Amino acid sequence: MTHQEDGVSAADDGTSSGAKIFALAQKIYPICRSITGNGVRQTLREIGAHISLDVHEVPTGTPVLDWVVPREWNIRDAYIKDPRGRKVVDFNESNLHVMSYSVPVRRTMLLDELKSHIFTLPDQPDLVPYRTSYYQENWAFCMAHRQLEQLRDDSYEVVIDSTLADGHLTYGEYFHRGESDDEVLLSAHVCHPSLANDNCSGLALLAELASRISQMRTRYSYRFLFAPGTIGAITWLARNEHRVSHIKHGLVVSMVGDGAGPTYKKSRQGDAEIDRAMLHTLQHSKLTPTILAFSPYGYDERQYCSPGFNLPVGLFQRSRFGAIPQYHTSADDLSFIRPEHLGESFRIISEVIDLLEGNRSYYNTSPKGEPQLGRRGLYGAIGGDKDAAAANMAMLWILNLSDGHHSLLDIARRADLPFPVILKTAKVLERHGLLAPVR
Amino acid sequence: MTHQEDGVSAADDGTSSGAKIFALAQKIYPICRSITGNGVRQTLREIGAHISLDVHEVPTGTPVLDWVVPREWNIRDAYIKDPRGRKVVDFNESNLHVMSYSVPVRRTMLLDELKSHIFTLPDQPDLVPYRTSYYQENWAFCMAHRQLEQLRDDSYEVVIDSTLADGHLTYGEYFHRGESDDEVLLSAHVCHPSLANDNCSGLALLAELASRISQMRTRYSYRFLFAPGTIGAITWLARNEHRVSHIKHGLVVSMVGDGAGPTYKKSRQGDAEIDRAMLHTLQHSKLTPTILAFSPYGYDERQYCSPGFNLPVGLFQRSRFGAIPQYHTSADDLSFIRPEHLGESFRIISEVIDLLEGNRSYYNTSPKGEPQLGRRGLYGAIGGDKDAAAANMAMLWILNLSDGHHSLLDIARRADLPFPVILKTAKVLERHGLLAPVR
Amino acid sequence: MTHQEDGVSAADDGTSSGAKIFALAQKIYPICRSITGNGVRQTLREIGAHISLDVHEVPTGTPVLDWVVPREWNIRDAYIKDPRGRKVVDFNESNLHVMSYSVPVRRTMLLDELKSHIFTLPDQPDLVPYRTSYYQENWAFCMAHRQLEQLRDDSYEVVIDSTLADGHLTYGEYFHRGESDDEVLLSAHVCHPSLANDNCSGLALLAELASRISQMRTRYSYRFLFAPGTIGAITWLARNEHRVSHIKHGLVVSMVGDGAGPTYKKSRQGDAEIDRAMLHTLQHSKLTPTILAFSPYGYDERQYCSPGFNLPVGLFQRSRFGAIPQYHTSADDLSFIRPEHLGESFRIISEVIDLLEGNRSYYNTSPKGEPQLGRRGLYGAIGGDKDAAAANMAMLWILNLSDGHHSLLDIARRADLPFPVILKTAKVLERHGLLAPVR
């Protein structure tokens, strides 16, 4: 394990990480996941091939905050067969065809009755919708509307070979210990089946990030959580209430493989360091980000930002959830995500982590008047910087604002300079004894 | 007396109240009011036919704050007669023809001398202006400029049959006791003569509002004040200094019968609950309101918002005072105000009162993670709401922000949802034990 | 010495002061100044003809904060002579021709070698640049690029008859004692040679201002500093650390003779009284000012606003430094500055000083309700004001906001009225016993 002084983002320009993330997303895409069951376990095994994941199994019936861990759902097969024995809907073709948590069925019924158990998207007639019914016992199929319209008024054999029984809720956790007990939480939901962007992309990105960070000496400790949406986050929070106070920054990561956005939804606190770090990083990128105020609708930031926890956890995405036609349909397949977008998302999150790692407050050790930079060879001559003017301004800003009350991020924002320029310059000034860190 | 849970604004859509308010305004329009005298008493008798008004008589010479109650003014008749015995100006035609507080006159004089005692509006030659001289002894007539120009250079008989003598200043007060000693003050000036919008409209609206509130069980106590401008408010304040600390919210109401605005001038505090309540209500109305910062010029909010009191009292109007051609002229007659505008003004003020009544802070009793709404039958199924999505968002916002530090109004603003939706949803959550009021 | 109640700005409309300031700027323009040496002494003698200046001499080698007073530089003559004995560059024509702090040279060299010691401005080929090398021993000539291009490839006699030796750093100080020990600091750099706007204009303006203030009884004490840039301010701060806490307001003054701007750069504090005073004054002028946030690059506000001092000192200019083609070139000559612009700059700074002198907080002595202004003859009848409406509003605003927490400047900003109107009105109210100053 070596300390990489240049941070997570320095390793590559996102190209090689993008390819690795895409490869893992490809691998976990076909697995039929839900909020419990073997699909989650299989997914965590694939992620565990990259980092040594702790897999937790929590029994059905365990009380977790206001909730109870539900029964475990597993499915082997499902289809609708027409009178000629032809499978008109087949779970083996796409796991979206069965509503998640569908109870077992083995019946023959007329189309009219069957229709009350079929979801389609009349406005997107070629797409299969994604539907769930976790907390209300039911069964249903999902299919393309155009296909439904072609079904004859006939009798169909309907089979869902599933089980809903006492078992476990499964989630994976990877913890990287840093110099400090203060933690950064990175969380992705593991419950969606074959939806590539939502959230194979997020799971794979965090796996790659965990792998990268595991090679580094870091200031913060890092906790990666791969858990089912809502009930998974609630289960983790219920079992880790005593640890929650260590979480100083956090991100929920989903839909990071398309080319839109990026979109960042701020934490409930609204001006937490993670919010300011993400805003600064996005504003100094070449992208056109969308910044959203916190709202209590979305992904697991809803749980982390509930008033009893109020953690500084934001949501990072490319497209905004719900705002795109592919959302929760079969169109969210592997063609919707691309290595270069995954690499770009990875680079942004890495830069934010580097910012958090490097963001400290300093005292100017020569605070009365400007120190004589020329005598120290500092003026107009910082390292091999291309932009000496920016470096000079960075020095002046850091010295002027390092009164113990401004972090380097505060200074970067005030100076309107990218954080890496400020960080690099601060390190030079610190080496010359002109800055001392606030303890 | 029954508790109307749905509040003041629920009784009608403003139509029937508009008609009632207009009828009362019509009745008090012809009366010759000033800051003292029988016109005020007669007006209060008309208002008293609707609510059991306390009428206070304060003797001339009583010191009130920096002021002294002036002598009482009464007028029986006044006219200007031309040499042929024709009344060219007649008080009986309009009480605007005599400057308020004109001392008695009974003389014959040439037009040239008379002219120095005549006010006209050369730019609005058909209108009679409204003028007063309360604290400087004087007399004058007001007339249309076009009529003045037609007067011949002749000798005129001038009669003002008035008295200015020790007596009383009169004001009316209606107090409705609520659950709490905390008061809402509603104040309208009773000193203007035949000006329909300014302020027969305000007096009549408050009479109707008092009548409505008198039938209700309320959280706040309500104090309605019908008093002459400036000296009346000052007199009330002088006699009630010990009660002033009970006033938690207040509105001065004037010019509420025309179709413009509405206009709301904020209290001196600028962000008092009444200010936020009014802004929220107006922003969620279909009107195009004008919001003004406090300034020390206007109506009796000048007195309530003087620095020694600094009460949270704003000013509600339709047209802004001084900003319309009818202001303080004979054009401010009954044709300038309309039942539907009076009804609309009534509805807005009622909604604001309902907001104040319902605005509390709550604790989410299940603040860690989201409570499981589905198990309680709450998700997507609030009462018979048309807009289930808004109701769901309202639930999530209320639960997320009910940390004891956000009132329902704060939450409505943050959620950008109308206060009634938030209030209704909060009551549902409270019934399910998910909210507990902050004591 | 008489107290001029109407303040510094009342003496003239800027015309006569503009002429006086221009005359002094003209006189000091030809002198060859640098950060030390006889040029500075001669300049201070000229300024001392107007006010009794304290001239301080600080020996070479004296430690001052993080710096050390450098050796003293003096120059008698310098030229480049071509083989025919013709001076192609001559210090006697313009002291810009020699880089400030050039060490002595007396050699003959080929054009190629000479060129590495010549600065020109290829983009402004007719102008001579201004260059310095205070802390790195070197020598150079500055000349018009067009002239350099005409020099033949030949051998030249190069003479710089300068001395760089132990001596002193010289600065001038003028102190005017007011009623209070609280000080206003006014500072101009004295180190630039023949640059008219930067900063003969600032030196001459402050000399005239000091002369004017010396005739007055003032509330504040005033400290005028004529010192070399950077090292001079640092030297003064090092020798006066114990006095620094007395400085309540300050301005650095430079480039005040051209017709652009004005430009005001706020102090590091950002909302200090000097910042608010300047903003208010500029916003109520007929000019189109540019207001800049503080940045740590510029003139000696860099030193005064270093974090160890953090004094409320802003920068007043017409053109913004660095933003004009004349900046630090021979085009910054006497034709670039004009008496009327100097007079206008003088008037603005004088108005700001009058504002600081007059800015106090008061208590309304009759804070409950409005006081009866009519009884006191105040309503509509303030002095001989042209604008009685503005005066009435000024009275109402002052009475409403004089709760001990609003200064007259706060009130002027809130009322959107010029400070002089508010000040004059407050004095009237104070004479009538309606205002009492906060002690």
# chains A, B, ... in the order shown; residues from 1 in each chain; ligands from 1
call {"tool": "closest_atom_pairs", "arguments": {"of": "stretch 142-193 of chain B", "to": "stretch 92-98 of chain B", "cutoff": "10 Å", "atoms": "only C-alpha atoms", "output": "Markdown table"}}
result
| residue | atom | partner | partner_atom | distance |
| --- | --- | --- | --- | --- |
| B:Cys142 | CA | B:His97 | CA | 4.6 |
| B:Met143 | CA | B:His97 | CA | 6.0 |
| B:Ala144 | CA | B:His97 | CA | 9.3 |
| B:Ile160 | CA | B:Val98 | CA | 8.1 |
| B:His192 | CA | B:Leu96 | CA | 9.6 |
| B:Pro193 | CA | B:Asn95 | CA | 6.9 |
call {"tool": "write_last_selection", "arguments": {"atoms": "all heavy atoms", "output": "mmCIF file, in the first residue's frame"}}
result
data_model
loop_
_atom_site.group_PDB
_atom_site.id
_atom_site.type_symbol
_atom_site.label_atom_id
_atom_site.label_comp_id
_atom_site.auth_asym_id
_atom_site.auth_seq_id
_atom_site.Cartn_x
_atom_site.Cartn_y
_atom_site.Cartn_z
ATOM 1 N N CYS B 142 -64.279 72.529 -1.237
ATOM 2 C CA CYS B 142 -63.648 71.754 -2.306
ATOM 3 C C CYS B 142 -64.671 71.624 -3.422
ATOM 4 O O CYS B 142 -65.845 71.343 -3.173
ATOM 5 C CB CYS B 142 -63.262 70.366 -1.797
ATOM 6 S SG CYS B 142 -62.140 70.415 -0.379
ATOM 7 N N MET B 143 -64.224 71.831 -4.664
ATOM 8 C CA MET B 143 -65.179 71.726 -5.768
ATOM 9 C C MET B 143 -64.462 71.343 -7.066
ATOM 10 O O MET B 143 -63.228 71.310 -7.141
ATOM 11 C CB MET B 143 -65.945 73.042 -5.945
ATOM 12 C CG MET B 143 -65.079 74.237 -6.291
ATOM 13 S SD MET B 143 -65.962 75.823 -6.117
ATOM 14 C CE MET B 143 -67.152 75.693 -7.441
ATOM 15 N N ALA B 144 -65.256 71.020 -8.067
ATOM 16 C CA ALA B 144 -64.691 70.690 -9.371
ATOM 17 C C ALA B 144 -64.089 71.953 -9.981
ATOM 18 O O ALA B 144 -64.684 73.040 -9.917
ATOM 19 C CB ALA B 144 -65.775 70.124 -10.287
ATOM 20 N N ILE B 160 -70.648 78.073 6.569
ATOM 21 C CA ILE B 160 -70.316 76.749 7.095
ATOM 22 C C ILE B 160 -70.892 76.702 8.495
ATOM 23 O O ILE B 160 -70.443 77.424 9.393
ATOM 24 C CB ILE B 160 -68.796 76.492 7.112
ATOM 25 C CG1 ILE B 160 -68.239 76.508 5.667
ATOM 26 C CG2 ILE B 160 -68.481 75.153 7.776
ATOM 27 C CD1 ILE B 160 -66.757 76.206 5.569
ATOM 28 N N HIS B 192 -62.541 58.826 7.193
ATOM 29 C CA HIS B 192 -62.772 59.401 5.870
ATOM 30 C C HIS B 192 -64.263 59.468 5.582
ATOM 31 O O HIS B 192 -64.985 58.514 5.856
ATOM 32 C CB HIS B 192 -62.066 58.573 4.790
ATOM 33 C CG HIS B 192 -60.584 58.783 4.762
ATOM 34 N ND1 HIS B 192 -59.790 58.316 3.744
ATOM 35 C CD2 HIS B 192 -59.754 59.417 5.607
ATOM 36 C CE1 HIS B 192 -58.539 58.646 3.987
ATOM 37 N NE2 HIS B 192 -58.488 59.306 5.116
ATOM 38 N N PRO B 193 -64.714 60.574 4.984
ATOM 39 C CA PRO B 193 -66.145 60.734 4.697
ATOM 40 C C PRO B 193 -66.552 59.897 3.482
ATOM 41 O O PRO B 193 -66.189 58.724 3.415
ATOM 42 C CB PRO B 193 -66.277 62.234 4.447
ATOM 43 C CG PRO B 193 -64.945 62.663 3.925
ATOM 44 C CD PRO B 193 -63.933 61.733 4.528
#
call {"tool": "residues_around", "arguments": {"residues": "B:Tyr379", "least_positions_apart": "4", "cutoff": "8 Å", "atoms": "only C-alpha atoms", "output": "short mmCIF file (atom, residue, chain, number, x, y, z; two decimals) with N, CA, C and O atoms, in the first residue's frame"}}
result
data_model
loop_
_atom_site.label_atom_id
_atom_site.label_comp_id
_atom_site.auth_asym_id
_atom_site.auth_seq_id
_atom_site.Cartn_x
_atom_site.Cartn_y
_atom_site.Cartn_z
N LEU B 373 -44.96 4.26 5.25
CA LEU B 373 -46.29 4.84 5.00
C LEU B 373 -47.26 3.80 4.44
O LEU B 373 -48.44 3.81 4.76
N GLY B 374 -46.73 2.90 3.60
CA GLY B 374 -47.58 1.90 2.96
C GLY B 374 -48.33 1.06 4.00
O GLY B 374 -49.54 0.84 3.89
N ASN B 392 -48.56 13.04 -1.64
CA ASN B 392 -47.39 12.24 -1.27
C ASN B 392 -46.19 13.12 -1.00
O ASN B 392 -45.48 12.94 -0.01
#
call {"tool": "closest_residue", "arguments": {"among": "B:Leu434, B:Leu114, B:Leu186, B:Leu206", "to": "chain A", "atoms": "only C-alpha atoms"}}
result
B:Leu434
call {"tool": "closest_residue", "arguments": {"among": "A:Gly61, A:Gly202, A:Pro70, A:Gly48", "to": "A:Ser34", "atoms": "only C-alpha atoms"}}
result
A:Pro70
call {"tool": "closest_atom_pairs", "arguments": {"of": "chain B", "to": "chain C", "cutoff": "7 Å", "atoms": "only C-alpha atoms", "output": "CSV"}}
result
residue,atom,partner,partner_atom,distance
B:Leu65,CA,C:Lys368,CA,6.8
B:Asp66,CA,C:Pro371,CA,5.4
B:Trp67,CA,C:Gln372,CA,6.2
B:Ile234,CA,C:Gly369,CA,6.1
B:Pro296,CA,C:Leu396,CA,5.8
B:Gln303,CA,C:Gly369,CA,4.5
B:Tyr304,CA,C:Gly369,CA,6.9
B:Ser306,CA,C:Gly369,CA,5.2
B:Pro307,CA,C:Pro367,CA,5.4
B:Gly308,CA,C:Lys368,CA,4.4
B:Phe309,CA,C:Lys368,CA,6.0
call {"tool": "atom_distance", "arguments": {"atom1": "atom CA of C:Arg177", "atom2": "atom CA of C:Arg439"}}
result
20.9 Å
call {"tool": "residues_around", "arguments": {"residues": "C:Gly298", "least_positions_apart": "5", "cutoff": "10 Å", "atoms": "only C-alpha atoms", "output": "VMD selection string"}}
result
chain C and resid 265 303 315 320 to 322
call {"tool": "select_by_dssp", "arguments": {"residues": "stretch 88-196 of chain A", "states": "alpha helix (DSSP H)", "output": "PyMOL selection string"}}
result
chain A and resi 111-115+145-150
call {"tool": "write_last_selection", "arguments": {"atoms": "all heavy atoms", "output": "short mmCIF file (atom, residue, chain, number, x, y, z; two decimals), in the first residue's frame"}}
result
data_model
loop_
_atom_site.label_atom_id
_atom_site.label_comp_id
_atom_site.auth_asym_id
_atom_site.auth_seq_id
_atom_site.Cartn_x
_atom_site.Cartn_y
_atom_site.Cartn_z
N LEU A 111 -57.64 -14.36 -21.55
CA LEU A 111 -56.87 -13.11 -21.70
C LEU A 111 -57.45 -11.99 -20.84
O LEU A 111 -56.71 -11.21 -20.24
CB LEU A 111 -56.84 -12.70 -23.19
CG LEU A 111 -56.04 -11.42 -23.49
CD1 LEU A 111 -54.58 -11.59 -23.12
CD2 LEU A 111 -56.15 -11.07 -24.97
N ASP A 112 -58.78 -11.91 -20.81
CA ASP A 112 -59.42 -10.82 -20.06
C ASP A 112 -58.97 -10.79 -18.59
O ASP A 112 -58.66 -9.74 -18.05
CB ASP A 112 -60.94 -10.97 -20.12
CG ASP A 112 -61.52 -10.02 -21.16
OD1 ASP A 112 -60.70 -9.46 -21.94
OD2 ASP A 112 -62.74 -9.86 -21.21
N GLU A 113 -58.95 -11.96 -17.96
CA GLU A 113 -58.51 -12.01 -16.57
C GLU A 113 -57.02 -11.74 -16.49
O GLU A 113 -56.56 -10.98 -15.63
CB GLU A 113 -58.82 -13.38 -15.97
CG GLU A 113 -58.51 -13.42 -14.47
CD GLU A 113 -58.65 -14.83 -13.87
OE1 GLU A 113 -59.07 -15.74 -14.60
OE2 GLU A 113 -58.31 -14.99 -12.69
N LEU A 114 -56.27 -12.33 -17.40
CA LEU A 114 -54.81 -12.16 -17.40
C LEU A 114 -54.42 -10.68 -17.51
O LEU A 114 -53.48 -10.22 -16.87
CB LEU A 114 -54.21 -12.96 -18.57
CG LEU A 114 -52.69 -12.86 -18.78
CD1 LEU A 114 -51.94 -13.30 -17.53
CD2 LEU A 114 -52.26 -13.73 -19.97
N LYS A 115 -55.21 -9.95 -18.29
CA LYS A 115 -54.87 -8.53 -18.53
C LYS A 115 -54.78 -7.71 -17.25
O LYS A 115 -54.02 -6.74 -17.17
CB LYS A 115 -55.90 -7.90 -19.47
CG LYS A 115 -55.53 -8.07 -20.95
CD LYS A 115 -56.52 -7.32 -21.84
CE LYS A 115 -56.03 -7.29 -23.29
NZ LYS A 115 -57.07 -6.77 -24.20
N HIS A 145 -46.42 -3.04 -24.99
CA HIS A 145 -47.83 -2.82 -25.27
C HIS A 145 -48.21 -3.37 -26.65
O HIS A 145 -49.27 -3.97 -26.83
CB HIS A 145 -48.13 -1.32 -25.20
CG HIS A 145 -49.60 -1.04 -25.15
ND1 HIS A 145 -50.39 -1.34 -24.06
CD2 HIS A 145 -50.45 -0.50 -26.07
CE1 HIS A 145 -51.65 -0.99 -24.31
NE2 HIS A 145 -51.71 -0.48 -25.52
N ARG A 146 -47.32 -3.18 -27.61
CA ARG A 146 -47.58 -3.65 -28.96
C ARG A 146 -47.78 -5.18 -28.98
O ARG A 146 -48.63 -5.68 -29.71
CB ARG A 146 -46.41 -3.26 -29.89
CG ARG A 146 -46.87 -2.79 -31.24
CD ARG A 146 -45.71 -2.46 -32.16
NE ARG A 146 -45.04 -1.18 -31.89
CZ ARG A 146 -45.56 0.02 -32.18
NH1 ARG A 146 -46.76 0.13 -32.70
NH2 ARG A 146 -44.88 1.11 -31.93
N GLN A 147 -47.00 -5.84 -28.14
CA GLN A 147 -47.12 -7.30 -28.09
C GLN A 147 -48.44 -7.71 -27.45
O GLN A 147 -49.09 -8.64 -27.90
CB GLN A 147 -45.93 -7.86 -27.29
CG GLN A 147 -45.71 -9.35 -27.55
CD GLN A 147 -44.76 -9.97 -26.53
OE1 GLN A 147 -44.19 -9.26 -25.71
NE2 GLN A 147 -44.63 -11.29 -26.59
N LEU A 148 -48.82 -7.01 -26.40
CA LEU A 148 -50.09 -7.31 -25.73
C LEU A 148 -51.26 -7.19 -26.70
O LEU A 148 -52.17 -8.03 -26.73
CB LEU A 148 -50.29 -6.37 -24.54
CG LEU A 148 -51.62 -6.48 -23.79
CD1 LEU A 148 -51.78 -7.86 -23.15
CD2 LEU A 148 -51.77 -5.39 -22.74
N GLU A 149 -51.18 -6.12 -27.52
CA GLU A 149 -52.27 -5.89 -28.47
C GLU A 149 -52.42 -7.03 -29.48
O GLU A 149 -53.49 -7.23 -30.04
CB GLU A 149 -52.06 -4.57 -29.21
CG GLU A 149 -52.35 -3.36 -28.33
CD GLU A 149 -52.05 -2.05 -29.05
OE1 GLU A 149 -51.05 -2.01 -29.83
OE2 GLU A 149 -52.80 -1.08 -28.85
N GLN A 150 -51.32 -7.76 -29.70
CA GLN A 150 -51.37 -8.84 -30.68
C GLN A 150 -51.88 -10.15 -30.09
O GLN A 150 -52.16 -11.10 -30.82
CB GLN A 150 -49.99 -9.03 -31.32
CG GLN A 150 -49.65 -7.91 -32.29
CD GLN A 150 -48.17 -7.80 -32.56
OE1 GLN A 150 -47.38 -8.61 -32.07
NE2 GLN A 150 -47.78 -6.80 -33.34
#
call {"tool": "select_by_dssp", "arguments": {"residues": "stretch 293-338 of chain C", "states": "strand (DSSP E or B)", "output": "PyMOL selection string"}}
result
chain C and resi 313-317+329
call {"tool": "atom_distance", "arguments": {"atom1": "atom CA of C:His328", "atom2": "atom CA of C:Tyr130"}}
result
5.2 Å
call {"tool": "atom_distance", "arguments": {"atom1": "atom CA of C:Gly257", "atom2": "atom CA of C:Lys20"}}
result
12.5 Å
call {"tool": "closest_residue", "arguments": {"among": "B:Gly39, B:Pro83, B:Pro63, B:Pro437", "to": "B:Trp236", "atoms": "only C-alpha atoms"}}
result
B:Pro63
